[in-house]
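Asks: Input my_file.cif, format and content: mmCIF, C-alpha atoms.
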```
data_coords
#
loop_
_atom_site.group_PDB
_atom_site.id
_atom_site.type_symbol
_atom_site.label_atom_id
_atom_site.label_comp_id
_atom_site.auth_asym_id
_atom_site.auth_seq_id
_atom_site.Cartn_x
_atom_site.Cartn_y
_atom_site.Cartn_z
ATOM 1 C CA MET A 1 -6.017 -26.647 -5.362
ATOM 2 C CA LYS A 2 -4.718 -30.195 -5.631
ATOM 3 C CA PRO A 3 -7.584 -32.420 -6.831
ATOM 4 C CA PHE A 4 -8.665 -35.426 -4.811
ATOM 5 C CA GLU A 5 -7.861 -38.817 -6.306
ATOM 6 C CA LEU A 6 -9.405 -42.258 -6.130
ATOM 7 C CA ILE A 7 -7.629 -44.219 -3.386
ATOM 8 C CA ASN A 8 -5.526 -47.186 -4.366
ATOM 9 C CA LEU A 9 -6.702 -50.385 -2.723
ATOM 10 C CA PRO A 10 -4.072 -52.197 -0.615
ATOM 11 C CA TYR A 11 -5.202 -55.529 -2.099
ATOM 12 C CA ALA A 12 -6.022 -56.999 -5.509
ATOM 13 C CA PRO A 13 -9.616 -56.505 -6.758
ATOM 14 C CA ASP A 14 -10.311 -60.239 -6.299
ATOM 15 C CA ALA A 15 -8.602 -60.532 -2.872
ATOM 16 C CA LEU A 16 -11.838 -60.253 -0.875
ATOM 17 C CA GLU A 17 -13.563 -63.158 -2.641
ATOM 18 C CA PRO A 18 -15.799 -64.958 -1.884
ATOM 19 C CA VAL A 19 -17.050 -62.356 0.628
ATOM 20 C CA VAL A 20 -16.939 -59.455 -1.845
ATOM 21 C CA SER A 21 -16.504 -60.256 -5.528
ATOM 22 C CA ASN A 22 -14.109 -58.748 -8.024
ATOM 23 C CA GLU A 23 -17.186 -57.499 -9.909
ATOM 24 C CA THR A 24 -18.474 -55.644 -6.849
ATOM 25 C CA ILE A 25 -15.057 -54.061 -6.220
ATOM 26 C CA ALA A 26 -14.896 -52.925 -9.860
ATOM 27 C CA LEU A 27 -18.327 -51.288 -9.609
ATOM 28 C CA HIS A 28 -18.155 -50.036 -6.024
ATOM 29 C CA HIS A 29 -14.582 -48.718 -5.979
ATOM 30 C CA GLY A 30 -13.931 -48.156 -9.667
ATOM 31 C CA LYS A 31 -17.279 -46.587 -10.612
ATOM 32 C CA HIS A 32 -19.246 -45.372 -7.550
ATOM 33 C CA LEU A 33 -16.314 -43.988 -5.571
ATOM 34 C CA GLN A 34 -14.676 -42.535 -8.694
ATOM 35 C CA THR A 35 -17.897 -40.642 -9.429
ATOM 36 C CA TYR A 36 -17.866 -39.034 -5.962
ATOM 37 C CA VAL A 37 -14.210 -38.019 -6.445
ATOM 38 C CA THR A 38 -14.932 -36.498 -9.864
ATOM 39 C CA ASN A 39 -18.019 -34.685 -8.564
ATOM 40 C CA LEU A 40 -16.212 -33.228 -5.557
ATOM 41 C CA ASN A 41 -13.334 -31.969 -7.696
ATOM 42 C CA ASN A 42 -15.856 -30.244 -9.977
ATOM 43 C CA LEU A 43 -17.769 -28.689 -7.053
ATOM 44 C CA LEU A 44 -14.884 -27.351 -4.946
ATOM 45 C CA PRO A 45 -13.541 -24.454 -7.069
ATOM 46 C CA GLY A 46 -14.892 -21.185 -5.657
ATOM 47 C CA SER A 47 -16.420 -22.862 -2.584
ATOM 48 C CA GLY A 48 -13.864 -21.576 -0.086
ATOM 49 C CA LEU A 49 -13.155 -25.200 0.878
ATOM 50 C CA GLU A 50 -10.663 -25.976 -1.898
ATOM 51 C CA ASP A 51 -7.541 -26.276 0.233
ATOM 52 C CA LEU A 52 -9.005 -28.152 3.204
ATOM 53 C CA PRO A 53 -8.349 -31.826 3.995
ATOM 54 C CA LEU A 54 -11.232 -34.157 3.222
ATOM 55 C CA GLU A 55 -12.335 -34.575 6.849
ATOM 56 C CA GLU A 56 -12.529 -30.785 7.307
ATOM 57 C CA ILE A 57 -14.599 -30.444 4.138
ATOM 58 C CA VAL A 58 -17.037 -33.011 5.571
ATOM 59 C CA LYS A 59 -17.245 -31.085 8.855
ATOM 60 C CA LYS A 60 -17.745 -27.669 7.225
ATOM 61 C CA SER A 61 -19.800 -28.296 4.081
ATOM 62 C CA GLU A 62 -23.412 -28.977 3.180
ATOM 63 C CA GLY A 63 -25.456 -29.926 0.160
ATOM 64 C CA ALA A 64 -23.727 -31.467 -2.842
ATOM 65 C CA ILE A 65 -20.203 -30.800 -1.559
ATOM 66 C CA PHE A 66 -21.008 -32.529 1.732
ATOM 67 C CA ASN A 67 -22.661 -35.488 -0.007
ATOM 68 C CA ASN A 68 -19.700 -36.161 -2.294
ATOM 69 C CA ALA A 69 -16.988 -35.439 0.306
ATOM 70 C CA GLY A 70 -18.819 -37.568 2.876
ATOM 71 C CA GLN A 71 -19.108 -40.472 0.489
ATOM 72 C CA ILE A 72 -15.402 -40.280 -0.335
ATOM 73 C CA LEU A 73 -14.418 -40.239 3.346
ATOM 74 C CA ASN A 74 -16.843 -43.049 4.188
ATOM 75 C CA HIS A 75 -15.726 -45.249 1.308
ATOM 76 C CA ASN A 76 -12.030 -44.631 2.022
ATOM 77 C CA LEU A 77 -12.486 -45.704 5.647
ATOM 78 C CA TYR A 78 -14.491 -48.762 4.509
ATOM 79 C CA PHE A 79 -12.167 -50.010 1.754
ATOM 80 C CA LEU A 80 -8.942 -49.406 3.692
ATOM 81 C CA ALA A 81 -10.128 -51.535 6.637
ATOM 82 C CA LEU A 82 -10.685 -54.692 4.569
ATOM 83 C CA CYS A 83 -8.301 -57.570 3.838
ATOM 84 C CA LYS A 84 -8.193 -61.116 2.495
ATOM 85 C CA PRO A 85 -10.588 -63.472 4.319
ATOM 86 C CA LYS A 86 -9.172 -64.874 7.550
ATOM 87 C CA ALA A 87 -10.399 -67.709 9.745
ATOM 88 C CA ASP A 88 -10.944 -66.707 13.379
ATOM 89 C CA ASN A 89 -10.548 -63.036 12.448
ATOM 90 C CA ALA A 90 -10.497 -60.928 15.635
ATOM 91 C CA PRO A 91 -9.023 -57.734 17.043
ATOM 92 C CA THR A 92 -6.104 -57.746 19.486
ATOM 93 C CA GLY A 93 -4.560 -55.297 21.926
ATOM 94 C CA PRO A 94 -6.258 -52.201 23.360
ATOM 95 C CA LEU A 95 -9.174 -52.274 20.893
ATOM 96 C CA ALA A 96 -9.971 -55.900 21.738
ATOM 97 C CA ASP A 97 -9.863 -55.037 25.436
ATOM 98 C CA ALA A 98 -12.166 -52.050 24.939
ATOM 99 C CA ILE A 99 -14.672 -54.121 22.946
ATOM 100 C CA VAL A 100 -14.838 -56.801 25.655
ATOM 101 C CA LYS A 101 -15.075 -54.185 28.410
ATOM 102 C CA GLN A 102 -17.929 -52.291 26.751
ATOM 103 C CA PHE A 103 -19.881 -55.039 24.987
ATOM 104 C CA GLY A 104 -19.043 -58.124 27.081
ATOM 105 C CA SER A 105 -17.480 -60.060 24.200
ATOM 106 C CA LEU A 106 -16.462 -59.726 20.569
ATOM 107 C CA GLU A 107 -19.503 -61.817 19.620
ATOM 108 C CA ALA A 108 -21.877 -59.483 21.492
ATOM 109 C CA PHE A 109 -20.322 -56.465 19.777
ATOM 110 C CA GLN A 110 -20.568 -58.098 16.346
ATOM 111 C CA LYS A 111 -24.207 -59.022 16.963
ATOM 112 C CA GLU A 112 -25.154 -55.448 17.904
ATOM 113 C CA PHE A 113 -23.140 -53.914 15.059
ATOM 114 C CA THR A 114 -24.603 -56.326 12.485
ATOM 115 C CA GLN A 115 -28.131 -55.766 13.798
ATOM 116 C CA LYS A 116 -27.753 -51.971 13.530
ATOM 117 C CA GLY A 117 -26.498 -52.342 9.962
ATOM 118 C CA ALA A 118 -29.318 -54.701 9.025
ATOM 119 C CA THR A 119 -32.034 -52.459 10.487
ATOM 120 C CA LEU A 120 -30.842 -49.119 9.124
ATOM 121 C CA PHE A 121 -33.697 -47.922 6.953
ATOM 122 C CA GLY A 122 -32.666 -47.010 3.430
ATOM 123 C CA SER A 123 -29.076 -46.292 2.451
ATOM 124 C CA GLY A 124 -26.206 -45.521 4.771
ATOM 125 C CA TRP A 125 -23.503 -46.854 7.041
ATOM 126 C CA VAL A 126 -23.062 -48.550 10.407
ATOM 127 C CA TRP A 127 -20.054 -47.293 12.359
ATOM 128 C CA LEU A 128 -17.838 -48.153 15.293
ATOM 129 C CA SER A 129 -16.277 -44.932 16.578
ATOM 130 C CA LYS A 130 -14.632 -43.650 19.720
ATOM 131 C CA ASP A 131 -15.440 -40.514 21.651
ATOM 132 C CA ASN A 132 -12.993 -38.142 23.346
ATOM 133 C CA ASP A 133 -12.831 -40.481 26.372
ATOM 134 C CA ASN A 134 -11.943 -43.503 24.174
ATOM 135 C CA GLN A 135 -15.406 -44.976 24.782
ATOM 136 C CA LEU A 136 -16.719 -47.014 21.851
ATOM 137 C CA VAL A 137 -19.928 -45.980 20.128
ATOM 138 C CA ILE A 138 -21.970 -47.790 17.457
ATOM 139 C CA THR A 139 -24.008 -45.449 15.256
ATOM 140 C CA GLN A 140 -26.229 -45.682 12.221
ATOM 141 C CA GLU A 141 -25.597 -42.912 9.699
ATOM 142 C CA THR A 142 -27.808 -42.290 6.687
ATOM 143 C CA ASN A 143 -26.689 -41.338 3.203
ATOM 144 C CA ALA A 144 -23.285 -39.555 3.342
ATOM 145 C CA GLN A 145 -23.226 -38.851 7.083
ATOM 146 C CA ASN A 146 -20.038 -39.595 9.019
ATOM 147 C CA PRO A 147 -19.409 -39.680 12.792
ATOM 148 C CA VAL A 148 -16.796 -36.890 12.462
ATOM 149 C CA THR A 149 -19.714 -34.452 12.228
ATOM 150 C CA LYS A 150 -20.616 -35.482 15.815
ATOM 151 C CA GLY A 151 -17.097 -35.118 17.183
ATOM 152 C CA LEU A 152 -16.388 -38.857 17.045
ATOM 153 C CA THR A 153 -13.366 -40.662 15.581
ATOM 154 C CA PRO A 154 -14.446 -43.351 13.054
ATOM 155 C CA LEU A 155 -12.785 -46.742 13.489
ATOM 156 C CA LEU A 156 -14.780 -49.216 11.369
ATOM 157 C CA THR A 157 -17.678 -48.949 8.980
ATOM 158 C CA PHE A 158 -19.812 -51.333 6.934
ATOM 159 C CA ASP A 159 -21.435 -49.835 3.855
ATOM 160 C CA VAL A 160 -25.138 -50.710 3.667
ATOM 161 C CA TRP A 161 -25.937 -48.936 0.421
ATOM 162 C CA GLU A 162 -27.307 -51.569 -1.971
ATOM 163 C CA HIS A 163 -24.463 -51.058 -4.461
ATOM 164 C CA ALA A 164 -22.079 -52.443 -1.806
ATOM 165 C CA TYR A 165 -23.700 -55.880 -1.759
ATOM 166 C CA TYR A 166 -26.420 -56.345 -4.379
ATOM 167 C CA VAL A 167 -24.251 -58.116 -6.991
ATOM 168 C CA ASP A 168 -23.110 -60.711 -4.438
ATOM 169 C CA TYR A 169 -26.032 -60.922 -1.981
ATOM 170 C CA GLN A 170 -29.039 -59.440 -3.829
ATOM 171 C CA ASN A 171 -31.402 -58.190 -1.080
ATOM 172 C CA ARG A 172 -29.769 -60.230 1.729
ATOM 173 C CA ARG A 173 -28.152 -57.340 3.602
ATOM 174 C CA ALA A 174 -27.852 -59.329 6.851
ATOM 175 C CA ASP A 175 -25.903 -62.118 5.096
ATOM 176 C CA TYR A 176 -23.522 -59.545 3.611
ATOM 177 C CA LEU A 177 -22.961 -57.924 7.004
ATOM 178 C CA ALA A 178 -22.324 -61.271 8.696
ATOM 179 C CA ALA A 179 -19.808 -62.250 6.004
ATOM 180 C CA LEU A 180 -17.845 -58.994 6.279
ATOM 181 C CA TRP A 181 -16.383 -60.022 9.656
ATOM 182 C CA GLN A 182 -14.108 -62.434 7.754
ATOM 183 C CA ILE A 183 -12.415 -59.553 5.898
ATOM 184 C CA VAL A 184 -12.074 -56.822 8.540
ATOM 185 C CA ASP A 185 -8.439 -55.746 8.804
ATOM 186 C CA TRP A 186 -8.322 -55.451 12.585
ATOM 187 C CA ASP A 187 -4.732 -54.177 12.461
ATOM 188 C CA VAL A 188 -5.931 -51.082 10.590
ATOM 189 C CA VAL A 189 -8.960 -50.628 12.860
ATOM 190 C CA GLY A 190 -6.812 -51.080 15.963
ATOM 191 C CA LYS A 191 -4.404 -48.347 14.805
ATOM 192 C CA ARG A 192 -7.345 -45.983 14.341
ATOM 193 C CA TYR A 193 -8.281 -46.604 17.970
ATOM 194 C CA LEU A 194 -4.855 -45.672 19.366
#
```
Would you put the structure from the file into structure tokens?
Replies:
Amino acid sequence: MKPFELINLPYAPDALEPVVSNETIALHHGKHLQTYVTNLNNLLPGSGLEDLPLEEIVKKSEGAIFNNAGQILNHNLYFLALCKPKADNAPTGPLADAIVKQFGSLEAFQKEFTQKGATLFGSGWVWLSKDNDNQLVITQETNAQNPVTKGLTPLLTFDVWEHAYYVDYQNRRADYLAALWQIVDWDVVGKRYL
């Protein structure tokens, strides 16, 4: 069994400032995500899931293995779809077309997505996924849940666990969600859609 490793970020720890601080990245990526990786590596031996890819472990596991594997998958998808802040940040190509077709406009999509993230009770994630017909779906997932368990392909997620935003935004989850649109790497998200 090859152990899972903490993903390397494709940007410097301070690259997302002022939207997400260097301090938050150090805690969120360097401490929280590392703990899930360590826990999963300790739990897998003897489980029968040792040699599966991460997404398959999420689909086939439960309990502590599911919680840690799910959090790794969720965090990887979150961190790898972020980039330095950009003015007028927007998707292009087929994903942009699909968003406009299904939601009416990028702004309408962002409003619904942000609202679902802000109103998710407790800890979890808000997701943009696609189904087998390439239709876009926004879901709220609690704790370590991931849309792959429902047969969906995850495209974009915003982490609404308090550790993702409390250093920078305290209890202002809606402000954090609104600010994240400046740092979405739409090139990455668009490739996930294709």
Asks: Could you give me, as JSON lines, a per-residue list for segment 145-188 of chain A showing, wherever an atom lies at most 8 Å from an atom of segment 105-126 of chain A, the closest pair of atoms and their distance in Å to one decimal, using all atoms listed in the file and sorting by chain then residue number from low to high?
Replies:
```
{"residue": "A:Gln145", "atom": "CA", "partner": "A:Gly124", "partner_atom": "CA", "distance": 7.7}
{"residue": "A:Thr157", "atom": "CA", "partner": "A:Val126", "partner_atom": "CA", "distance": 5.6}
{"residue": "A:Phe158", "atom": "CA", "partner": "A:Val126", "partner_atom": "CA", "distance": 5.5}
{"residue": "A:Asp159", "atom": "CA", "partner": "A:Trp125", "partner_atom": "CA", "distance": 4.8}
{"residue": "A:Val160", "atom": "CA", "partner": "A:Trp125", "partner_atom": "CA", "distance": 5.4}
{"residue": "A:Trp161", "atom": "CA", "partner": "A:Ser123", "partner_atom": "CA", "distance": 4.6}
{"residue": "A:Glu162", "atom": "CA", "partner": "A:Ser123", "partner_atom": "CA", "distance": 7.1}
{"residue": "A:Arg173", "atom": "CA", "partner": "A:Ala118", "partner_atom": "CA", "distance": 6.1}
{"residue": "A:Ala174", "atom": "CA", "partner": "A:Ala118", "partner_atom": "CA", "distance": 5.3}
{"residue": "A:Leu177", "atom": "CA", "partner": "A:Thr114", "partner_atom": "CA", "distance": 5.9}
{"residue": "A:Ala178", "atom": "CA", "partner": "A:Thr114", "partner_atom": "CA", "distance": 6.6}
```
Asks: Report, in Å with one decimal, the straight-line distance from atom CA of Lys101 of chain A to atom CA of Leu136 of chain A.
Replies: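 So the answer is 9.9 Å.
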Asks: May I ask which of the residues A:Pro85, A:Pro94, A:Pro3, A:Pro154 is the closest one to Leu44 of chain A, counting only C-alpha atoms?
Replies: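 Distance minimum relative to Leu44 of chain A lands on A:Pro3.
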Asks: Which one of A:Leu43, A:Leu152, A:Leu180, A:Val137 sits closest to Tyr165 of chain A if you count only C-alpha atoms?
Replies: A:Leu180
Asks: What is the atom CA of Ser129 of chain A to atom CA of Phe66 of chain A distance in Å?
Replies: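 Value for the atom CA of Ser129 of chain A-atom CA of Phe66 of chain A distance: 19.9 Å.
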Asks: So, counting only C-alpha atoms, which residue among A:Val100, A:Ile25, A:Ile72, A:Leu156 is closest to Asp168 of chain A?
Replies: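 For Asp168 of chain A, the nearest of the given residues is A:Ile25.
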Asks: So how many Å separate atom CA of Leu16 of chain A and atom CA of Ile138 of chain A, to one decimal?
Replies: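 These atoms are spaced 24.4 Å apart.
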Asks: From the set A:Ile57, A:Leu77, A:Ala144, A:Ala12, which residue has the shortest atom-to-atom contact distance to Ala26 of chain A, counting all atoms listed in the file?
Replies: A:Ala12
Asks: Take the PyMOL selection byres ((chain A and resi 4-6) around 12), apply it to the structure above, and return the hits as a PyMOL selection string.
Replies: chain A and resi 1-3+7-9+28-44+50-54+57+68-69+71-73+75-76+79
Asks: For the structure shown, which residues end up in the PyMOL selection byres ((chain A and resi 151) around 12)? Put them as a list of chain:residue names, please?
Replies: A:Glu55, A:Glu56, A:Val58, A:Lys59, A:Ser129, A:Lys130, A:Asp131, A:Asn132, A:Asp133, A:Val137, A:Asn146, A:Pro147, A:Val148, A:Thr149, A:Lys150, A:Leu152, A:Thr153, A:Pro154
Asks: Draw an axis-aligned box over all listed atoms of segment 23-39 of chain A, pad each side with 8 Å, and write its centre and edge lengths in Å, one decimal, as JSON.
Replies:
```
{"center_x": -16.6, "center_y": -46.1, "center_z": -8.1, "size_x": 21.3, "size_y": 38.8, "size_z": 21.0}
```
Asks: Convert the output of the PyMOL selection byres ((chain A and resi 194) around 9) on the shown file into explicit residues, formatted as a list in words.
Replies: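 Output from the PyMOL selection byres ((chain A and resi 194) around 9), applied to this file: Pro94, Leu95, Asn134, Gly190, Lys191, Arg192 and Tyr193 of chain A.
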Asks: May I ask which of the residues A:Tyr166, A:Pro10, A:Ala81, A:Gln102 is the closest one to Glu23 of chain A, counting only C-alpha atoms?
Replies: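 The closest residue to Glu23 of chain A is A:Tyr166.
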Asks: May I ask which of the residues A:Cys83, A:Ala98, A:Val167, A:Leu155 is the closest one to Thr139 of chain A, counting only C-alpha atoms?
Replies: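 Of A:Cys83, A:Ala98, A:Val167, A:Leu155, the one nearest Thr139 of chain A is A:Leu155, counting only C-alpha atoms.
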